[in-house]
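Below: target.csv (CSV, C-alpha atoms)
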```csv
chain,number,residue,atom,x,y,z
T,944,MET,CA,100.0,82.8,109.7
T,945,ASP,CA,101.4,83.3,106.2
T,946,ILE,CA,102.0,87.0,105.5
T,947,VAL,CA,102.7,87.9,101.8
T,948,LEU,CA,104.8,91.0,101.6
T,949,ILE,CA,104.7,93.1,98.4
T,950,ALA,CA,107.0,96.2,98.2
T,951,GLY,CA,106.3,99.2,96.1
T,952,LEU,CA,107.9,100.7,93.1
T,953,TRP,CA,111.7,100.3,92.6
T,954,LEU,CA,112.0,97.7,95.4
T,955,ASP,CA,112.3,93.9,95.5
T,956,GLY,CA,111.7,91.4,98.3
T,957,SER,CA,114.8,92.5,100.1
T,958,ALA,CA,112.9,95.6,101.2
T,959,TRP,CA,111.4,93.4,104.0
T,960,ASP,CA,114.8,92.1,105.2
T,961,GLU,CA,114.4,93.7,108.7
T,962,VAL,CA,110.6,93.1,108.9
T,963,ALA,CA,110.6,89.4,108.1
T,964,PRO,CA,112.7,88.2,111.0
T,965,GLU,CA,110.6,90.2,113.4
T,966,LEU,CA,107.5,88.5,112.0
T,967,THR,CA,109.1,85.1,112.3
T,968,SER,CA,110.1,85.7,115.9
T,969,ILE,CA,106.4,86.4,116.7
T,970,GLY,CA,105.4,83.1,115.1
T,971,HIS,CA,104.3,84.1,111.6
T,972,HIS,CA,105.5,82.9,108.2
T,973,PRO,CA,106.5,85.9,106.1
T,974,LEU,CA,106.6,85.6,102.3
T,975,PRO,CA,108.5,88.6,100.8
T,976,LEU,CA,107.9,88.6,97.1
T,977,THR,CA,110.3,89.7,94.3
T,978,LEU,CA,108.0,90.2,91.3
T,979,PRO,CA,108.9,89.8,87.6
T,980,GLY,CA,110.8,92.9,86.5
T,981,GLN,CA,112.1,93.6,90.1
T,982,GLY,CA,115.7,92.8,89.7
T,983,ASP,CA,115.7,89.8,87.4
T,984,GLY,CA,116.9,91.9,84.5
T,985,SER,CA,113.6,91.7,82.6
T,986,ALA,CA,112.5,95.1,81.4
T,987,SER,CA,109.8,93.3,79.4
T,988,ALA,CA,107.9,92.1,82.5
T,989,THR,CA,104.2,92.9,82.5
T,990,PHE,CA,101.7,93.9,85.2
T,991,ASP,CA,99.8,90.7,84.6
T,992,GLU,CA,102.9,88.7,85.3
T,993,GLN,CA,103.3,90.5,88.6
T,994,VAL,CA,99.6,89.8,89.5
T,995,ALA,CA,100.1,86.1,88.6
T,996,THR,CA,103.1,85.9,90.9
T,997,VAL,CA,101.1,87.3,93.8
T,998,LEU,CA,98.3,84.9,93.2
T,999,ALA,CA,100.7,82.0,92.9
T,1000,ALA,CA,102.1,82.9,96.4
T,1001,LEU,CA,98.6,82.9,97.7
T,1002,ASP,CA,97.7,79.6,96.1
T,1003,SER,CA,100.8,78.0,97.6
T,1004,ALA,CA,100.0,79.1,101.2
T,1005,SER,CA,98.6,76.4,103.4
T,1006,SER,CA,95.8,78.5,104.9
T,1007,ARG,CA,94.1,81.9,104.7
T,1008,THR,CA,96.7,84.6,104.3
T,1009,VAL,CA,97.4,88.2,105.2
T,1010,VAL,CA,98.4,90.2,102.1
T,1011,VAL,CA,100.5,93.3,102.6
T,1012,GLY,CA,101.0,95.9,99.9
T,1013,HIS,CA,103.2,99.0,100.1
T,1014,SER,CA,102.6,102.2,98.2
T,1015,ALA,CA,101.7,101.4,94.5
T,1016,ALA,CA,101.6,97.7,95.4
T,1017,CYS,CA,98.6,98.3,97.6
T,1018,THR,CA,96.8,97.8,94.3
T,1019,LEU,CA,98.4,94.3,93.9
T,1020,ALA,CA,97.3,93.4,97.4
T,1021,TRP,CA,93.7,94.5,96.6
T,1022,ILE,CA,93.7,92.6,93.4
T,1023,ALA,CA,94.6,89.5,95.4
T,1024,ALA,CA,91.5,90.1,97.6
T,1025,ASP,CA,89.4,90.4,94.5
T,1026,ALA,CA,90.8,87.3,92.9
T,1027,ARG,CA,91.0,85.1,96.0
T,1028,PRO,CA,88.4,86.6,98.5
T,1029,ASP,CA,88.1,83.3,100.3
T,1030,LYS,CA,91.9,82.9,100.7
T,1031,VAL,CA,92.8,86.4,101.9
T,1032,ALA,CA,92.2,86.9,105.6
T,1033,THR,CA,93.2,90.5,105.7
T,1034,VAL,CA,94.6,93.1,103.4
T,1035,VAL,CA,97.2,95.5,104.8
T,1036,LEU,CA,97.9,98.7,102.8
T,1037,ILE,CA,101.0,100.7,103.8
T,1038,GLY,CA,101.3,104.3,102.6
T,1039,GLY,CA,99.0,103.9,99.7
T,1040,PHE,CA,95.5,103.1,98.4
T,1041,PRO,CA,94.2,100.7,95.7
T,1042,ALA,CA,93.5,101.8,92.2
T,1043,SER,CA,90.0,101.2,90.7
T,1044,ASP,CA,89.1,98.9,87.9
T,1045,GLY,CA,90.3,100.3,84.5
T,1046,ASP,CA,93.0,102.5,86.1
T,1047,ALA,CA,96.7,102.3,85.1
T,1048,TYR,CA,98.7,100.6,87.8
T,1049,ALA,CA,101.5,103.1,88.3
T,1050,ASP,CA,101.9,105.4,85.3
T,1051,MET,CA,103.0,108.4,87.4
T,1052,PHE,CA,106.6,109.2,86.6
T,1053,GLU,CA,108.6,109.7,83.3
T,1054,LEU,CA,109.4,106.7,81.3
T,1055,LYS,CA,112.8,106.3,79.6
T,1056,ASP,CA,113.8,103.5,77.3
T,1057,GLY,CA,111.0,101.2,78.2
T,1058,VAL,CA,111.3,101.6,82.0
T,1059,MET,CA,110.3,104.1,84.8
T,1060,PRO,CA,113.5,104.9,86.7
T,1061,PHE,CA,113.6,106.2,90.2
T,1062,PRO,CA,112.9,110.0,89.7
T,1063,GLY,CA,115.2,111.2,92.5
T,1064,TRP,CA,114.2,112.6,95.8
T,1065,GLU,CA,112.5,115.9,94.8
T,1066,PRO,CA,109.0,114.3,94.3
T,1067,PHE,CA,109.4,112.9,97.8
T,1068,ASP,CA,110.6,115.9,99.7
T,1069,GLY,CA,108.9,116.5,103.1
T,1070,PRO,CA,107.0,113.9,105.1
T,1071,ASP,CA,107.7,111.0,102.6
T,1072,SER,CA,111.4,111.0,103.2
T,1073,VAL,CA,111.9,112.9,106.5
T,1074,ASP,CA,113.2,109.9,108.4
T,1075,LEU,CA,115.8,108.9,105.7
T,1076,ASP,CA,119.2,110.3,106.3
T,1077,GLU,CA,121.6,111.1,103.4
T,1078,GLU,CA,123.2,107.7,103.4
T,1079,ALA,CA,119.9,105.9,103.3
T,1080,ARG,CA,118.8,108.1,100.4
T,1081,ARG,CA,122.0,107.5,98.5
T,1082,ARG,CA,121.7,103.7,99.0
T,1083,PHE,CA,118.0,103.7,98.0
T,1084,ALA,CA,118.7,105.6,94.8
T,1085,ALA,CA,121.7,103.5,94.0
T,1086,GLU,CA,119.7,100.2,94.4
T,1087,ALA,CA,116.4,101.3,93.0
T,1088,ILE,CA,115.1,99.0,90.3
T,1089,PRO,CA,113.6,100.7,87.2
T,1090,VAL,CA,109.9,99.7,86.8
T,1091,PRO,CA,109.2,98.0,83.4
T,1092,GLU,CA,106.9,100.2,81.2
T,1093,ARG,CA,104.4,97.3,80.8
T,1094,VAL,CA,104.2,97.1,84.6
T,1095,ALA,CA,103.7,100.8,85.1
T,1096,LYS,CA,101.1,101.0,82.3
T,1097,GLY,CA,99.3,97.8,83.2
T,1098,VAL,CA,95.5,98.0,83.5
T,1099,VAL,CA,93.9,97.2,86.9
T,1100,ARG,CA,91.1,94.7,86.6
T,1101,LEU,CA,88.6,94.1,89.5
T,1102,SER,CA,85.5,92.0,89.2
T,1103,ASP,CA,84.4,90.2,92.4
T,1104,GLU,CA,82.5,92.4,94.9
T,1105,ARG,CA,83.3,89.9,97.7
T,1106,ARG,CA,86.5,91.8,98.0
T,1107,TYR,CA,84.6,94.4,100.0
T,1108,LYS,CA,84.0,91.8,102.7
T,1109,VAL,CA,87.8,91.2,103.2
T,1110,PRO,CA,89.0,93.2,106.3
T,1111,VAL,CA,91.4,96.0,105.4
T,1112,VAL,CA,94.0,97.7,107.6
T,1113,VAL,CA,95.5,101.0,106.3
T,1114,VAL,CA,98.9,101.8,107.9
T,1115,CYS,CA,99.3,105.6,107.7
T,1116,PRO,CA,103.0,106.7,107.6
T,1117,GLU,CA,103.5,110.1,106.0
T,1118,PHE,CA,99.8,110.9,106.4
T,1119,THR,CA,97.5,110.6,109.4
T,1120,PRO,CA,94.5,108.3,109.9
T,1121,ALA,CA,92.3,111.4,110.0
T,1122,GLN,CA,93.6,112.5,106.6
T,1123,ALA,CA,93.1,109.0,105.1
T,1124,ARG,CA,89.6,108.9,106.5
T,1125,ALA,CA,88.8,112.3,104.9
T,1126,TRP,CA,90.2,111.2,101.5
T,1127,ILE,CA,88.1,108.0,101.6
T,1128,GLU,CA,84.9,109.8,102.7
T,1129,SER,CA,85.3,112.5,100.0
T,1130,GLY,CA,85.3,109.9,97.3
T,1131,ASP,CA,89.0,110.0,96.4
T,1132,VAL,CA,89.5,106.3,97.3
T,1133,PRO,CA,86.3,104.7,96.0
T,1134,GLU,CA,87.5,101.1,96.5
T,1135,LEU,CA,88.0,101.6,100.3
T,1136,ALA,CA,84.7,103.5,100.7
T,1137,ARG,CA,82.9,100.2,100.2
T,1138,VAL,CA,85.0,98.1,102.5
T,1139,GLU,CA,82.9,96.7,105.3
T,1140,ASP,CA,85.7,96.3,107.9
T,1141,LEU,CA,88.2,99.1,107.5
T,1142,GLU,CA,90.8,100.1,110.2
T,1143,LEU,CA,93.2,103.0,110.0
T,1144,VAL,CA,96.4,102.8,112.1
T,1145,ASP,CA,99.2,105.3,112.5
T,1146,ILE,CA,102.9,104.8,112.3
T,1147,ASP,CA,105.4,107.5,113.0
T,1148,SER,CA,107.5,107.3,109.9
T,1149,GLY,CA,108.0,108.4,106.3
T,1150,HIS,CA,106.8,106.5,103.2
T,1151,TRP,CA,109.1,103.6,103.7
T,1152,PRO,CA,108.5,102.3,107.3
T,1153,MET,CA,109.9,98.8,106.4
T,1154,LEU,CA,113.3,100.6,106.1
T,1155,THR,CA,113.1,103.0,109.0
T,1156,LYS,CA,110.7,101.4,111.5
T,1157,PRO,CA,110.8,97.7,110.8
T,1158,LYS,CA,110.1,96.5,114.3
T,1159,GLN,CA,107.1,98.8,114.8
T,1160,LEU,CA,105.8,97.8,111.4
T,1161,ALA,CA,106.2,94.1,112.1
T,1162,GLN,CA,104.1,94.6,115.3
T,1163,LEU,CA,101.4,96.3,113.3
T,1164,LEU,CA,101.3,93.5,110.7
T,1165,ALA,CA,101.2,90.9,113.5
T,1166,THR,CA,98.3,92.7,115.1
T,1167,ALA,CA,96.5,92.9,111.7
T,1168,SER,CA,96.9,89.1,111.3
T,1169,THR,CA,94.7,88.5,114.4
T,1170,LYS,CA,91.7,90.2,112.9
T,1171,PRO,CA,88.7,87.8,113.0
```
As structure tokens:
Amino acid sequence: MDIVLIAGLWLDGSAWDEVAPELTSIGHHPLPLTLPGQGDGSASATFDEQVATVLAALDSASSRTVVVGHSAACTLAWIAADARPDKVATVVLIGGFPASDGDAYADMFELKDGVMPFPGWEPFDGPDSVDLDEEARRRFAAEAIPVPERVAKGVVRLSDERRYKVPVVVVCPEFTPAQARAWIESGDVPELARVEDLELVDIDSGHWPMLTKPKQLAQLLATASTKP
């Protein structure tokens, strides 16, 4: 099955370099995306351009597709389900939850000179980064791609309620499935509260399992691709 892979903030398609070969070996066709503004030198890229790139990947796939979003990009994966509910077989959300209609995409850290640079490790102290050693942290920070302001401040638009019929798997890295369930049931994640087929699965990792637990993550994605 085609599996579209969308990394979160400050990352490009290379974030999946250790996950994609594992998926290929299992018999799937991974499609890691590098979105506009993710390493192409374009600080003027917009959120709508990123959405268009995700939808183009879906439209080019030969069959129904699994769409995987990580962290902030969980919202991009969910927008794909909204825009193409008949084309998306399953949405997999890793370490994050989709924003609601009218929300800003990722306006959560300080903007400087038209971009949102990686803010350093202080905001991610604790469970988020517990499995990243000093070398991994240094490399991540050095390679982090500033997020264009017009991406971070882009407005999320959702309009087709058929998205709630698309199966969703939430992969829980730095939080537990029980915590995720409580957040959803309390109303903190209104989009997922209405999903008809919702599964929560655990992975023993920090916020970036594609970097620290690629084989285990690939197995979870392969399993999600078998949902009816």
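With distances restricted to only C-alpha atoms, T:Thr1033 is the closest residue to Val1112 of chain T from T:Thr1155, T:Ser1129, T:Ser1072, T:Thr1033.
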Q: Kindly indicate which residue among T:His1150, T:Arg1027, T:Lys1108, T:Arg1007 lies nearest to Gly1069 of chain T, using only C-alpha atoms for the distances.
A: T:His1150
Q) Neighbours of Asp1046 of chain T within 9 Å (all atoms listed in the file; same-chain residues fewer than 5 positions away dropped), as number ranges by chain? A) T: 1097-1100
Q) Contacts of Asp945 of chain T at 9 Å or less, counting all atoms listed in the file, minus same-chain residues fewer than 3 places along, as a ChimeraX atom specification? A) /T:971-974,1001,1004-1010,1168
(Q) List as a PyMOL selection string the protein and nucleic acid residues near Phe1083 of chain T, meaning an atom at most 10 Å away when all atoms listed in the file are counted, but skip any in the same chain fewer than 6 places from it. (A) chain T and resi 953-954+1061+1063-1064+1075+1077+1154
Q) T:Thr1166, T:Gln993, T:Ser1148, T:Ser1102: which is nearest Met944 of chain T, counting all atoms listed in the file? A) T:Thr1166
Q: Give as a list of chain:residue names every residue, naming chains and numbers as the document does, that has an atom within 6 Å of (107.5, 105.2, 104.0), counting all atoms listed in the file.
A: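 The requested residues, written out, are T:Asp1071, T:Pro1116, T:Gly1149, T:His1150, T:Trp1151, T:Pro1152.
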Q: Can you work out which one of T:Val1132, T:Glu1086, T:Phe990, T:Glu1117 has the shortest atom-to-atom distance to Val1073 of chain T, counting all atoms listed in the file?
A: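 Among T:Val1132, T:Glu1086, T:Phe990, T:Glu1117, it is T:Glu1117 that comes nearest to Val1073 of chain T.
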Q. Rounded to one decimal in Å, what is the spacing between atom CA of Ile1088 of chain T and atom CA of Ala1015 of chain T?
A. 14.2 Å
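Going from atom CA of Arg1093 of chain T to atom CA of Ile1127 of chain T covers 28.5 Å.
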Q) Quick one: of T:Asp1002, T:Asp1140, T:Glu1134, T:Glu1128, who's nearest to Val1111 of chain T, counting only C-alpha atoms? A)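 The answer is T:Asp1140, which sits nearest to Val1111 of chain T.
Atom CA of Lys1030 of chain T is positioned 17.1 Å from atom CA of Glu1139 of chain T.
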Using all atoms listed in the file, list the residues that have an atom at most 12 Å from (79.6, 91.0, 98.5), coordinates as in the file, as a tab-separated table (two decimals) with C-alpha atoms, in the coordinates of the input.
```
chain	number	residue	atom	x	y	z
T	1024	ALA	CA	91.50	90.10	97.60
T	1025	ASP	CA	89.40	90.40	94.50
T	1028	PRO	CA	88.40	86.60	98.50
T	1029	ASP	CA	88.10	83.30	100.30
T	1102	SER	CA	85.50	92.00	89.20
T	1103	ASP	CA	84.40	90.20	92.40
T	1104	GLU	CA	82.50	92.40	94.90
T	1105	ARG	CA	83.30	89.90	97.70
T	1106	ARG	CA	86.50	91.80	98.00
T	1107	TYR	CA	84.60	94.40	100.00
T	1108	LYS	CA	84.00	91.80	102.70
T	1109	VAL	CA	87.80	91.20	103.20
T	1137	ARG	CA	82.90	100.20	100.20
T	1138	VAL	CA	85.00	98.10	102.50
T	1139	GLU	CA	82.90	96.70	105.30
```
**Q.** Shortest interatomic distance to Val997 of chain T - which of T:Leu1160, T:Trp959, T:Ala1023, T:Ala1121, counting only C-alpha atoms
**A.**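 Smallest separation from Val997 of chain T among the options: T:Ala1023.
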